[in-house]
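Here is run33.cif, consisting of mmCIF, C-alpha atoms:
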```
data_target
loop_
_atom_site.label_atom_id
_atom_site.label_comp_id
_atom_site.auth_asym_id
_atom_site.auth_seq_id
_atom_site.Cartn_x
_atom_site.Cartn_y
_atom_site.Cartn_z
CA MET A 889 -15.61 -102.71 -62.87
CA ARG A 890 -16.58 -106.26 -61.95
CA LYS A 891 -20.25 -106.64 -61.15
CA SER A 892 -21.05 -108.35 -57.88
CA PRO A 893 -22.85 -111.67 -58.09
CA GLY A 894 -25.22 -110.33 -55.45
CA VAL A 895 -26.44 -107.74 -57.96
CA LEU A 896 -26.94 -110.41 -60.58
CA LEU A 897 -28.84 -112.50 -58.10
CA LEU A 898 -31.16 -109.64 -57.15
CA CYS A 899 -32.01 -109.17 -60.82
CA PHE A 900 -32.54 -112.91 -61.09
CA VAL A 901 -34.87 -113.04 -58.08
CA ALA A 902 -36.86 -109.99 -59.17
CA GLY A 903 -37.33 -111.40 -62.64
CA MET A 904 -38.58 -114.75 -61.35
CA SER A 905 -41.03 -113.08 -58.99
CA CYS A 906 -42.50 -110.92 -61.75
CA SER A 907 -42.82 -113.89 -64.09
CA ARG A 908 -44.61 -116.01 -61.49
CA ALA A 909 -47.02 -113.19 -60.82
CA ALA A 910 -47.83 -113.03 -64.51
CA GLY A 911 -48.32 -116.80 -64.66
CA GLN A 912 -47.04 -117.00 -68.24
CA GLY A 913 -43.97 -118.81 -69.58
CA MET A 914 -41.31 -117.06 -71.65
CA PRO A 915 -39.78 -118.44 -74.82
CA ALA A 916 -36.35 -119.90 -74.26
CA THR A 917 -33.48 -117.69 -75.44
CA PRO A 918 -30.54 -119.50 -76.98
CA ALA A 919 -27.30 -118.91 -75.10
CA ALA A 920 -24.71 -116.83 -76.94
CA ALA A 921 -21.49 -118.61 -77.80
CA PRO A 922 -18.31 -117.31 -76.17
CA ALA A 923 -16.56 -114.62 -78.19
CA ALA A 924 -13.32 -116.54 -78.35
CA GLN A 925 -14.95 -119.62 -79.85
CA ALA A 926 -16.96 -117.54 -82.29
CA ALA A 927 -13.93 -115.60 -83.46
CA ALA A 928 -11.48 -118.30 -84.50
CA GLY A 929 -12.04 -121.36 -82.39
CA SER A 930 -8.44 -121.16 -81.14
CA LYS A 931 -7.59 -122.59 -77.75
CA PRO A 932 -7.14 -119.90 -75.06
CA LYS A 933 -3.63 -119.46 -73.68
CA ALA A 934 -3.19 -120.69 -70.11
CA LEU A 935 -1.98 -117.97 -67.76
CA THR A 936 -0.75 -118.41 -64.17
CA ILE A 937 -0.64 -115.66 -61.57
CA GLN A 938 3.19 -115.64 -61.69
CA GLU A 939 3.20 -115.23 -65.47
CA ALA A 940 0.64 -112.44 -65.27
CA GLU A 941 2.71 -110.52 -62.72
CA ALA A 942 5.88 -110.92 -64.82
CA ILE A 943 4.09 -109.70 -67.96
CA GLY A 944 2.59 -106.74 -66.12
CA ILE A 945 5.99 -105.67 -64.75
CA ARG A 946 7.61 -106.07 -68.17
CA ASN A 947 4.95 -104.36 -70.29
CA ASN A 948 3.28 -101.71 -68.17
CA PRO A 949 4.65 -98.24 -69.06
CA GLN A 950 4.30 -96.98 -65.47
CA ILE A 951 7.10 -99.36 -64.45
CA THR A 952 9.41 -97.81 -67.06
CA ILE A 953 8.45 -94.31 -65.94
CA GLY A 954 9.39 -95.12 -62.34
CA ARG A 955 12.74 -96.59 -63.38
CA LEU A 956 13.57 -93.59 -65.57
CA ARG A 957 12.86 -91.21 -62.70
CA ALA A 958 15.16 -93.23 -60.46
CA LEU A 959 17.93 -93.10 -63.10
CA GLU A 960 17.42 -89.35 -63.48
CA ALA A 961 17.80 -88.88 -59.72
CA ARG A 962 21.16 -90.71 -59.83
CA GLU A 963 22.43 -88.20 -62.39
CA PHE A 964 21.44 -85.37 -60.05
CA VAL A 965 23.69 -86.98 -57.42
CA ARG A 966 26.61 -86.94 -59.84
CA GLU A 967 25.82 -83.34 -60.65
CA ALA A 968 25.98 -82.36 -56.96
CA ARG A 969 29.16 -84.37 -56.39
CA SER A 970 30.94 -82.57 -59.24
CA SER A 971 31.20 -79.42 -57.11
CA LEU A 972 33.64 -81.23 -54.80
CA MET A 973 35.97 -82.14 -57.67
CA PRO A 974 38.56 -79.95 -59.39
CA THR A 975 37.71 -78.14 -62.60
CA ALA A 976 40.35 -78.06 -65.34
CA THR A 977 40.22 -76.19 -68.64
CA LEU A 978 42.62 -75.83 -71.56
CA GLY A 979 42.92 -72.61 -73.54
CA VAL A 980 44.59 -71.61 -76.79
CA THR A 981 44.81 -67.91 -77.61
CA GLY A 982 46.02 -66.01 -80.65
CA VAL A 983 45.96 -62.20 -80.74
CA GLY A 984 46.91 -59.75 -83.48
CA SER A 985 46.98 -56.08 -82.53
CA ARG A 986 48.23 -52.68 -83.67
CA ALA A 987 51.64 -52.05 -82.20
CA GLY A 988 51.59 -49.73 -79.23
CA SER A 989 47.78 -49.65 -78.98
CA ARG A 990 45.98 -49.39 -75.66
CA ILE A 991 42.44 -50.08 -74.42
CA ALA A 992 41.08 -46.70 -73.52
CA ALA A 993 37.42 -47.35 -72.59
CA GLY A 994 35.50 -50.03 -70.72
CA TYR A 995 36.12 -51.76 -67.40
CA LEU A 996 39.20 -51.28 -65.27
CA ASN A 997 41.70 -53.76 -66.66
CA ASN A 998 45.17 -54.08 -68.12
CA PRO A 999 45.19 -51.83 -71.19
CA VAL A 1000 48.30 -53.37 -72.76
CA ILE A 1001 47.73 -55.37 -75.97
CA TYR A 1002 50.47 -57.51 -77.45
CA PRO A 1003 50.35 -59.77 -80.51
CA ARG A 1004 50.84 -63.34 -79.30
CA ALA A 1005 50.00 -67.05 -79.65
CA ALA A 1006 49.80 -69.03 -76.40
CA ALA A 1007 48.39 -72.16 -74.84
CA GLY A 1008 47.77 -72.95 -71.20
CA ALA A 1009 45.69 -74.69 -68.57
CA SER A 1010 43.79 -73.53 -65.51
CA VAL A 1011 42.61 -75.54 -62.52
CA THR A 1012 40.21 -74.53 -59.75
CA GLN A 1013 39.36 -76.52 -56.64
CA LEU A 1014 36.91 -75.86 -53.85
CA ILE A 1015 38.76 -76.06 -50.56
CA THR A 1016 35.79 -75.60 -48.27
CA ASP A 1017 32.45 -73.89 -48.09
CA PHE A 1018 31.89 -75.12 -44.54
CA GLY A 1019 29.44 -77.89 -45.41
CA ARG A 1020 27.11 -76.38 -48.00
CA THR A 1021 28.20 -78.54 -50.94
CA THR A 1022 28.31 -81.75 -48.86
CA ASN A 1023 24.80 -81.03 -47.58
CA LEU A 1024 23.58 -80.50 -51.14
CA LEU A 1025 25.18 -83.81 -52.12
CA ALA A 1026 23.53 -85.61 -49.19
CA SER A 1027 20.18 -84.03 -50.10
CA SER A 1028 20.42 -85.34 -53.67
CA GLU A 1029 21.42 -88.81 -52.41
CA PHE A 1030 18.37 -89.00 -50.16
CA GLN A 1031 16.21 -87.81 -53.04
CA GLN A 1032 17.63 -90.61 -55.19
CA LYS A 1033 16.68 -93.17 -52.52
CA ALA A 1034 13.20 -91.66 -52.44
CA GLU A 1035 12.85 -92.15 -56.20
CA ASP A 1036 14.02 -95.75 -55.88
CA ALA A 1037 11.30 -96.32 -53.28
CA ASN A 1038 8.76 -94.62 -55.55
CA ALA A 1039 9.72 -96.98 -58.37
CA LEU A 1040 9.19 -99.94 -56.05
CA ALA A 1041 5.82 -98.52 -54.97
CA THR A 1042 4.77 -98.20 -58.61
CA GLN A 1043 5.76 -101.81 -59.25
CA GLN A 1044 3.74 -103.01 -56.26
CA GLN A 1045 0.72 -101.03 -57.46
CA ILE A 1046 0.96 -102.66 -60.88
CA VAL A 1047 1.29 -106.12 -59.31
CA LEU A 1048 -1.77 -105.40 -57.14
CA ALA A 1049 -3.77 -104.34 -60.20
CA VAL A 1050 -2.66 -107.48 -62.05
CA ASP A 1051 -3.62 -109.72 -59.13
CA GLU A 1052 -7.03 -108.09 -58.75
CA ALA A 1053 -7.75 -108.38 -62.47
CA PHE A 1054 -6.50 -111.99 -62.49
CA TYR A 1055 -8.69 -113.13 -59.59
CA ASN A 1056 -11.68 -111.18 -60.86
CA THR A 1057 -11.31 -113.07 -64.13
CA LEU A 1058 -11.05 -116.36 -62.24
CA GLU A 1059 -14.16 -115.53 -60.25
CA THR A 1060 -16.26 -114.61 -63.28
CA LYS A 1061 -15.02 -117.79 -64.94
CA SER A 1062 -16.24 -119.83 -61.94
CA LEU A 1063 -19.52 -117.92 -61.87
CA LEU A 1064 -19.95 -118.72 -65.55
CA GLN A 1065 -19.57 -122.39 -64.71
CA VAL A 1066 -22.22 -122.05 -61.99
CA ALA A 1067 -24.53 -120.32 -64.47
CA GLN A 1068 -23.96 -123.08 -67.02
CA GLU A 1069 -24.78 -125.76 -64.45
CA THR A 1070 -27.93 -123.84 -63.56
CA VAL A 1071 -29.00 -123.69 -67.19
CA ASP A 1072 -28.34 -127.41 -67.62
CA ALA A 1073 -30.37 -128.25 -64.51
CA ARG A 1074 -33.27 -126.02 -65.59
CA GLN A 1075 -33.19 -127.45 -69.12
CA LEU A 1076 -33.38 -130.97 -67.72
CA LEU A 1077 -36.36 -129.98 -65.59
CA VAL A 1078 -38.12 -128.41 -68.58
CA ASP A 1079 -37.62 -131.58 -70.60
CA GLN A 1080 -39.00 -133.71 -67.78
CA VAL A 1081 -41.99 -131.47 -67.11
CA GLN A 1082 -42.73 -131.23 -70.83
CA ALA A 1083 -42.78 -135.01 -71.12
CA LEU A 1084 -45.03 -135.27 -68.07
CA THR A 1085 -47.32 -132.56 -69.48
CA LYS A 1086 -47.72 -134.46 -72.73
CA ALA A 1087 -48.58 -137.53 -70.67
CA LYS A 1088 -51.21 -135.45 -68.79
CA LEU A 1089 -49.31 -136.01 -65.53
CA ARG A 1090 -48.45 -132.36 -65.05
CA SER A 1091 -50.30 -129.17 -65.85
CA ASP A 1092 -49.36 -126.49 -68.34
CA LEU A 1093 -48.76 -124.18 -65.38
CA ASP A 1094 -45.85 -126.37 -64.25
CA LEU A 1095 -44.37 -126.23 -67.73
CA SER A 1096 -44.80 -122.45 -67.83
CA PHE A 1097 -43.03 -121.99 -64.51
CA SER A 1098 -40.15 -124.25 -65.53
CA ASN A 1099 -39.74 -122.35 -68.82
CA VAL A 1100 -39.65 -119.06 -66.93
CA ASP A 1101 -36.93 -120.40 -64.63
CA LEU A 1102 -34.94 -121.63 -67.64
CA SER A 1103 -35.18 -118.25 -69.36
CA ARG A 1104 -34.04 -116.46 -66.23
CA ALA A 1105 -31.11 -118.83 -65.88
CA LYS A 1106 -30.08 -118.11 -69.47
CA LEU A 1107 -30.26 -114.39 -68.83
CA LEU A 1108 -28.04 -114.86 -65.79
CA GLN A 1109 -25.62 -116.89 -67.92
CA LEU A 1110 -25.56 -114.17 -70.58
CA GLN A 1111 -24.78 -111.49 -68.00
CA VAL A 1112 -22.02 -113.53 -66.36
CA ARG A 1113 -20.49 -114.30 -69.77
CA SER A 1114 -20.43 -110.59 -70.54
CA ASN A 1115 -18.72 -109.93 -67.20
CA TYR A 1116 -16.17 -112.62 -67.99
CA GLN A 1117 -15.27 -111.02 -71.32
CA ALA A 1118 -15.05 -107.62 -69.63
CA SER A 1119 -12.74 -109.00 -66.95
CA LEU A 1120 -10.51 -110.49 -69.67
CA ALA A 1121 -10.35 -107.08 -71.36
CA THR A 1122 -9.40 -105.46 -68.05
CA LEU A 1123 -6.72 -108.08 -67.40
CA SER A 1124 -5.29 -107.57 -70.89
CA ALA A 1125 -5.13 -103.80 -70.40
CA VAL A 1126 -3.39 -104.12 -67.04
CA LEU A 1127 -0.84 -106.46 -68.62
CA GLY A 1128 -0.03 -103.78 -71.19
CA TYR A 1129 -1.94 -105.07 -74.23
CA SER A 1130 -3.98 -102.69 -76.36
CA GLU A 1131 -6.30 -105.50 -77.51
CA LYS A 1132 -8.17 -108.10 -75.46
CA GLN A 1133 -6.12 -111.29 -75.21
CA ASP A 1134 -7.66 -114.76 -75.17
CA PHE A 1135 -6.25 -115.86 -71.82
CA GLU A 1136 -7.47 -118.69 -69.63
CA PRO A 1137 -6.39 -117.97 -66.04
CA VAL A 1138 -5.18 -121.00 -64.12
CA GLU A 1139 -6.30 -121.54 -60.55
CA PRO A 1140 -3.29 -121.21 -58.17
CA GLU A 1141 -2.23 -124.39 -56.43
CA THR A 1142 -1.37 -122.70 -53.14
CA GLN A 1143 -4.11 -122.09 -50.61
CA ALA A 1144 -4.78 -118.65 -49.17
CA PRO A 1145 -3.13 -118.22 -45.74
CA LEU A 1146 -5.17 -118.04 -42.56
CA PRO A 1147 -5.78 -114.56 -41.14
CA VAL A 1148 -3.75 -113.38 -38.15
CA ASP A 1149 -5.41 -112.53 -34.85
CA ASP A 1150 -3.76 -109.19 -34.07
CA PRO A 1151 -3.23 -106.35 -36.58
CA SER A 1152 -0.63 -104.50 -34.47
CA PRO A 1153 2.42 -106.41 -35.82
CA LEU A 1154 1.08 -105.93 -39.33
CA ILE A 1155 0.87 -102.17 -38.82
CA GLN A 1156 4.44 -102.03 -37.52
CA GLN A 1157 5.62 -104.08 -40.48
CA ALA A 1158 3.83 -101.78 -42.89
CA LEU A 1159 5.42 -98.68 -41.34
CA GLN A 1160 8.85 -100.28 -41.74
CA GLN A 1161 8.62 -101.57 -45.31
CA ARG A 1162 5.83 -99.73 -47.14
CA PRO A 1163 7.59 -98.04 -50.13
CA GLU A 1164 5.54 -94.86 -49.90
CA VAL A 1165 6.57 -94.42 -46.25
CA LEU A 1166 10.21 -95.14 -47.05
CA SER A 1167 10.13 -92.64 -49.90
CA LEU A 1168 8.67 -89.87 -47.78
CA ARG A 1169 11.19 -90.54 -45.02
CA GLN A 1170 14.01 -90.09 -47.53
CA GLN A 1171 12.35 -86.89 -48.74
CA VAL A 1172 12.28 -85.58 -45.15
CA LEU A 1173 16.01 -86.30 -44.80
CA SER A 1174 16.65 -84.68 -48.16
CA ALA A 1175 14.74 -81.56 -47.12
CA GLU A 1176 16.69 -81.37 -43.84
CA LYS A 1177 20.04 -81.55 -45.67
CA PHE A 1178 18.91 -78.94 -48.16
CA ALA A 1179 17.84 -76.66 -45.31
CA HIS A 1180 21.30 -77.02 -43.74
CA ALA A 1181 22.84 -76.14 -47.11
CA GLU A 1182 20.68 -73.02 -47.40
CA HIS A 1183 21.75 -71.90 -43.91
CA ASP A 1184 25.38 -72.42 -44.98
CA LEU A 1185 25.01 -69.74 -47.63
CA TRP A 1186 26.10 -67.20 -45.03
CA ARG A 1187 29.42 -69.00 -44.50
CA PRO A 1188 32.55 -68.12 -46.47
CA SER A 1189 33.80 -70.22 -49.37
CA VAL A 1190 37.48 -70.88 -50.03
CA ASN A 1191 38.72 -71.76 -53.52
CA ALA A 1192 42.19 -72.44 -54.91
CA ALA A 1193 43.15 -71.64 -58.49
CA GLY A 1194 46.21 -72.20 -60.62
CA VAL A 1195 47.23 -71.43 -64.21
CA VAL A 1196 50.24 -72.34 -66.33
CA GLY A 1197 51.04 -71.92 -70.02
CA VAL A 1198 53.54 -71.09 -72.77
CA ALA A 1199 53.66 -68.37 -75.43
CA PRO A 1200 55.87 -69.49 -78.35
CA VAL A 1201 54.82 -66.43 -80.40
CA ARG A 1202 55.03 -63.27 -78.34
CA ASP A 1203 56.24 -59.73 -78.03
CA ASP A 1204 59.64 -59.14 -76.55
CA HIS A 1205 57.99 -57.72 -73.44
CA ILE A 1206 56.32 -61.11 -72.70
CA ASP A 1207 58.07 -64.14 -71.15
CA ASN A 1208 57.89 -67.46 -72.96
CA TRP A 1209 55.91 -69.08 -70.13
CA TYR A 1210 53.65 -68.01 -67.36
CA GLY A 1211 52.25 -69.53 -64.15
CA ALA A 1212 50.37 -68.47 -61.04
CA ALA A 1213 48.53 -69.93 -58.08
CA GLY A 1214 46.29 -68.37 -55.50
CA VAL A 1215 43.52 -68.72 -52.96
CA ASN A 1216 40.29 -66.76 -53.00
CA ILE A 1217 37.94 -66.31 -50.05
CA ASN A 1218 34.39 -65.07 -50.60
CA ILE A 1219 32.59 -63.71 -47.55
CA PRO A 1220 28.89 -62.80 -48.00
CA VAL A 1221 27.94 -59.53 -46.35
CA PHE A 1222 24.56 -58.35 -47.64
CA ASN A 1223 22.29 -59.33 -50.54
CA GLY A 1224 18.93 -57.86 -49.70
CA PHE A 1225 17.99 -60.69 -47.25
CA LEU A 1226 18.03 -63.25 -50.07
CA PHE A 1227 19.81 -65.89 -48.01
CA ASN A 1228 17.45 -65.35 -45.07
CA ALA A 1229 14.43 -65.98 -47.29
CA ARG A 1230 15.99 -69.09 -48.85
CA SER A 1231 16.87 -70.63 -45.49
CA LYS A 1232 13.42 -69.86 -44.06
CA SER A 1233 11.73 -71.38 -47.11
CA ALA A 1234 13.84 -74.54 -46.76
CA ASP A 1235 12.92 -74.85 -43.07
CA LEU A 1236 9.22 -74.55 -43.90
CA GLN A 1237 9.57 -77.19 -46.63
CA THR A 1238 11.22 -79.55 -44.15
CA GLU A 1239 8.38 -79.09 -41.68
CA LEU A 1240 5.87 -79.65 -44.49
CA GLN A 1241 7.52 -82.96 -45.42
CA LYS A 1242 7.48 -84.09 -41.79
CA LYS A 1243 3.74 -83.42 -41.51
CA LYS A 1244 3.10 -85.25 -44.78
CA LEU A 1245 5.03 -88.24 -43.39
CA GLU A 1246 3.00 -88.16 -40.18
CA ASP A 1247 -0.24 -88.07 -42.15
CA LEU A 1248 0.88 -90.91 -44.40
CA GLN A 1249 1.81 -93.10 -41.42
CA ASN A 1250 -1.64 -92.54 -39.91
CA ASN A 1251 -3.30 -93.45 -43.21
CA VAL A 1252 -1.15 -96.56 -43.60
CA ALA A 1253 -2.09 -97.73 -40.11
CA ARG A 1254 -5.76 -97.16 -40.91
CA ASP A 1255 -5.54 -98.97 -44.25
CA VAL A 1256 -3.78 -101.98 -42.72
CA ARG A 1257 -6.35 -102.24 -39.96
CA ASN A 1258 -9.24 -101.98 -42.43
CA SER A 1259 -7.65 -104.60 -44.69
CA TRP A 1260 -7.16 -106.87 -41.71
CA LEU A 1261 -10.85 -106.47 -40.81
CA ASP A 1262 -11.76 -107.30 -44.41
CA THR A 1263 -9.75 -110.52 -44.24
CA GLN A 1264 -11.44 -111.48 -40.98
CA THR A 1265 -14.87 -110.87 -42.49
CA ALA A 1266 -14.01 -112.68 -45.71
CA TYR A 1267 -12.65 -115.67 -43.81
CA ALA A 1268 -15.76 -115.91 -41.60
CA ARG A 1269 -17.90 -115.68 -44.72
CA LEU A 1270 -16.23 -118.79 -46.17
CA SER A 1271 -17.72 -121.13 -43.60
CA LEU A 1272 -21.10 -119.41 -43.68
CA THR A 1273 -21.46 -119.62 -47.46
CA GLN A 1274 -20.34 -123.25 -47.43
CA GLU A 1275 -22.92 -124.04 -44.77
CA LEU A 1276 -25.55 -122.17 -46.79
CA ARG A 1277 -24.61 -124.14 -49.88
CA ASP A 1278 -24.93 -127.46 -48.04
CA GLN A 1279 -28.29 -126.52 -46.59
CA THR A 1280 -29.71 -125.32 -49.91
CA THR A 1281 -28.47 -128.50 -51.61
CA LEU A 1282 -30.33 -130.57 -49.02
CA ALA A 1283 -33.42 -128.39 -49.35
CA LEU A 1284 -33.37 -128.75 -53.14
CA ASP A 1285 -33.10 -132.54 -52.89
CA LEU A 1286 -36.08 -132.65 -50.53
CA ALA A 1287 -38.13 -130.25 -52.68
CA GLN A 1288 -37.36 -132.30 -55.78
CA ALA A 1289 -38.42 -135.50 -54.04
CA ARG A 1290 -41.66 -133.90 -52.81
CA TYR A 1291 -42.40 -132.53 -56.28
CA LYS A 1292 -41.88 -135.92 -57.91
CA LEU A 1293 -44.21 -137.52 -55.37
CA GLY A 1294 -46.81 -134.84 -56.03
CA LEU A 1295 -46.64 -133.53 -52.45
CA SER A 1296 -45.68 -129.97 -53.46
CA SER A 1297 -46.13 -127.55 -56.33
CA ILE A 1298 -43.63 -126.31 -58.89
CA VAL A 1299 -43.42 -123.04 -56.95
CA GLU A 1300 -41.79 -124.74 -53.97
CA PHE A 1301 -39.36 -126.58 -56.21
CA SER A 1302 -38.47 -123.40 -58.15
CA GLN A 1303 -37.87 -121.55 -54.90
CA ALA A 1304 -35.48 -124.27 -53.76
CA GLU A 1305 -33.61 -124.06 -57.06
CA LEU A 1306 -33.33 -120.29 -56.72
CA GLN A 1307 -31.91 -120.61 -53.21
CA LYS A 1308 -29.42 -123.19 -54.44
CA THR A 1309 -28.24 -120.87 -57.23
CA ASP A 1310 -27.96 -118.03 -54.71
CA ALA A 1311 -25.82 -120.19 -52.41
CA ASP A 1312 -23.55 -121.33 -55.25
CA LEU A 1313 -22.93 -117.75 -56.33
CA GLN A 1314 -22.29 -116.57 -52.79
CA ASP A 1315 -19.91 -119.43 -52.04
CA THR A 1316 -17.92 -118.87 -55.23
CA ASP A 1317 -17.72 -115.15 -54.56
CA ALA A 1318 -16.60 -115.72 -50.95
CA LYS A 1319 -13.60 -117.85 -51.99
CA TYR A 1320 -12.18 -115.26 -54.35
CA GLN A 1321 -13.02 -112.30 -52.17
CA TYR A 1322 -10.97 -113.86 -49.38
CA ARG A 1323 -8.00 -114.21 -51.72
CA LEU A 1324 -8.40 -110.61 -52.85
CA ALA A 1325 -8.61 -109.46 -49.23
CA GLN A 1326 -5.33 -111.26 -48.47
CA ILE A 1327 -3.69 -109.69 -51.52
CA MET A 1328 -4.85 -106.23 -50.49
CA LEU A 1329 -3.55 -106.76 -46.95
CA ALA A 1330 -0.15 -107.83 -48.31
CA TYR A 1331 -0.06 -104.70 -50.47
CA GLN A 1332 -0.97 -102.44 -47.56
CA MET A 1333 1.89 -104.01 -45.59
CA GLY A 1334 4.34 -103.35 -48.43
CA GLU A 1335 5.32 -106.97 -48.94
CA LYS A 1336 7.48 -107.60 -52.00
CA ARG A 1337 5.97 -110.08 -54.43
#
```
Could you rewrite the structure in this file as C-alpha cells?
Amino acid sequence: MRKSPGVLLLCFVAGMSCSRAAGQGMPATPAAAPAAQAAAGSKPKALTIQEAEAIGIRNNPQITIGRLRALEAREFVREARSSLMPTATLGVTGVGSRAGSRIAAGYLNNPVIYPRAAAGASVTQLITDFGRTTNLLASSEFQQKAEDANALATQQQIVLAVDEAFYNTLETKSLLQVAQETVDARQLLVDQVQALTKAKLRSDLDLSFSNVDLSRAKLLQLQVRSNYQASLATLSAVLGYSEKQDFEPVEPETQAPLPVDDPSPLIQQALQQRPEVLSLRQQVLSAEKFAHAEHDLWRPSVNAAGVVGVAPVRDDHIDNWYGAAGVNINIPVFNGFLFNARSKSADLQTELQKKKLEDLQNNVARDVRNSWLDTQTAYARLSLTQELRDQTTLALDLAQARYKLGLSSIVEFSQAELQKTDADLQDTDAKYQYRLAQIMLAYQMGEKR
C-alpha cells in the first residue's frame, strides 16, 4: 500500500524536533542509489497510461477467466436450444437366435425372437410442452448476458487497479523529486554554513542544526525512494508480470476534468451502465424465466416420433422394411409434490435476486455520491495546497534573507524550510489524489475506458 506523504512528513517533523532538543548534529548519511541504476544501468522503459491499461487487459489472468465464463454460458444456451430441435439416430442390428425360441421371463414385451440383420433410423421431435423449454432457453440467454456483463465488470476492475497503481507510481516519482530538491537545498545550506563557521561568522550550533536538517532530508528521500520501488513492484504485478519491471511512467498530457455540481445525473448514469447492476438485472430475468419453466412442469408435453428401416437378412415372418409414426402425450399426475417444491424454490430464488439487485442499486448510489464528494474535496484541496506552497515559498525567502542579515537564528530558517517541504509534499499529493478521485468516480459510474 502506498504510504501517504503526510505520514512521512510527520516522521520528518518529529525527527527534527527531537534533534533540535538534543542540540547535536548527526553525521550525514549518503543517499542510496536507485535500484535500477545499481542493477544494470539500463534506461527505464517509458510507459503511458494507455499502454499500461492495454498491457493489464492483455496479461491479467482475471480477464481471461471472465471471458471463459462468458463463452461457457454461450454453450449452455446452445444446450437449452437443442431441446427444441429434432433428434435423429441411426441403428444397425444383427441378431442370431435359436429357431422357435421365446423370451419367457422379464418385463412384459414381445417374446418372439427372429434371426435378422437390419438398419434403420428414428426421429423424435418435441411438438410442445406449453412453454417450459422456451422459458429454459430464455433463462440461459439472460444468464449468458449476465456473464458478459460480469466479464466487462472484471475488465473495468483491472483497469481501475492499473490506473491506481500507475498514478501512485507517478506520485511517488514526483515526491522523490521533491525529496531530492530538499536534499540539494539542505546540502547547499550546510556548505554555506560550514564555510561561514570556518570564517568564525557562524557558530557551531548553526552548523549542527543544518547538518540535522540535511540528515532528516536524506532519511525522507530514502523512504520516498523505497515507496517508489514498491509502487513499481505493485504496478508490475497488476500488469501481469511476476517480476518488478523497470518502467518510467509518463505524465498524461490531458488535464483532469472539472468536477460536476450535482451528483444526481451521475447516480442515474451509474444505475444504467454499471456492469454489476446490468449483470444482476439479467440474473433477475433469468430467475423469472426459470421460475416460469418450473411452474410449467405440471403441463403436458407432446412429442412426435417416427422410425423407418430395412431388413435384408430376415426370417420369412418378417417384412423386408418397416416404418411407423406416432404422437405421445405425457400428462403429469402425481410425483410426491416434487414439482410443487421445485416451483416454490424457483420463486424464492427470483425474490432473492430482486432483493440483491435492490441492495446493489442502493450501494451503487452511495458509492457514486461518496466518490463525487471525494472529487469535490480533492478539487478544493488543489487551490489550498497551491496557496500554501506560495506562502511557504515567500516565508522561506524572507527567513533566508533575515538569516543572512543576522536578524534571525538558524531555528527560524529551519522552520521555514520544513514548512516549505511540507507544502511541496501536500501540493504534489493533492494533484494526483484529484486524478485518482476522478478515476474512481468514473469507475463507480461504470464508464468504459
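We find CA of Glu1164 in chain A and CA of Val1148 in chain A to be spaced 23.8 Å apart.
The residues returned by the PyMOL selection byres ((chain A and resi 1267) around 10) for this structure are A:Ala1144, A:Leu1146, A:Pro1147, A:Leu1261, A:Asp1262, A:Thr1263, A:Gln1264, A:Thr1265, A:Ala1266, A:Ala1268, A:Arg1269, A:Leu1270, A:Ser1271, A:Leu1272, A:Ala1318, A:Lys1319, A:Gln1321, A:Tyr1322, A:Arg1323, A:Ala1325, A:Gln1326.
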Near Glu1052 in chain A, counting all atoms listed in the file, which residues have an atom at most 9 Å away, once you skip same-chain residues fewer than 2 positions from it, shown as a CSV table (one decimal) with C-alpha atoms, in the frame of the given file?
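Wrote it out as selection-v9.csv, contents follow:
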```csv
chain,number,residue,atom,x,y,z
A,1047,VAL,CA,1.3,-106.1,-59.3
A,1048,LEU,CA,-1.8,-105.4,-57.1
A,1049,ALA,CA,-3.8,-104.3,-60.2
A,1050,VAL,CA,-2.7,-107.5,-62.0
A,1054,PHE,CA,-6.5,-112.0,-62.5
A,1055,TYR,CA,-8.7,-113.1,-59.6
A,1056,ASN,CA,-11.7,-111.2,-60.9
A,1057,THR,CA,-11.3,-113.1,-64.1
A,1123,LEU,CA,-6.7,-108.1,-67.4
A,1324,LEU,CA,-8.4,-110.6,-52.8
A,1327,ILE,CA,-3.7,-109.7,-51.5
A,1328,MET,CA,-4.8,-106.2,-50.5
```
Exercise: Gln1160 in chain A partners within 12 Å, all atoms listed in the file, chain neighbours under 2 positions left out, as a ChimeraX atom specification: /A:1153-1158,1162-1167,1169,1249,1252-1253,1332-1335
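Put simply, the PyMOL selection byres ((chain A and resi 1067) around 8) in this file takes in A:Leu1063, A:Leu1064, A:Gln1065, A:Val1066, A:Gln1068, A:Glu1069, A:Thr1070, A:Val1071, A:Ala1105, A:Lys1106, A:Leu1108, A:Gln1109, A:Val1112.
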Distance query 12 Å from (-10.3, -106.8, -31.8) using only C-alpha atoms, result as a PyMOL selection string: chain A and resi 1148-1152+1257-1258+1260-1261+1264
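Going from CA of Arg1202 in chain A over to CA of Val1011 in chain A, you cover 23.6 Å.
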Nearest-residue call for Thr1316 in chain A, choices A:Ile945, A:Ala1073, A:Ala1087, A:Leu1058, using only C-alpha atoms: A:Leu1058
Who sits within 10 Å of Asp1036 in chain A, only C-alpha atoms, same chain under 5 positions skipped, as a PyMOL selection string: chain A and resi 954-959+961-962+1030-1031+1041-1042+1163+1166-1167
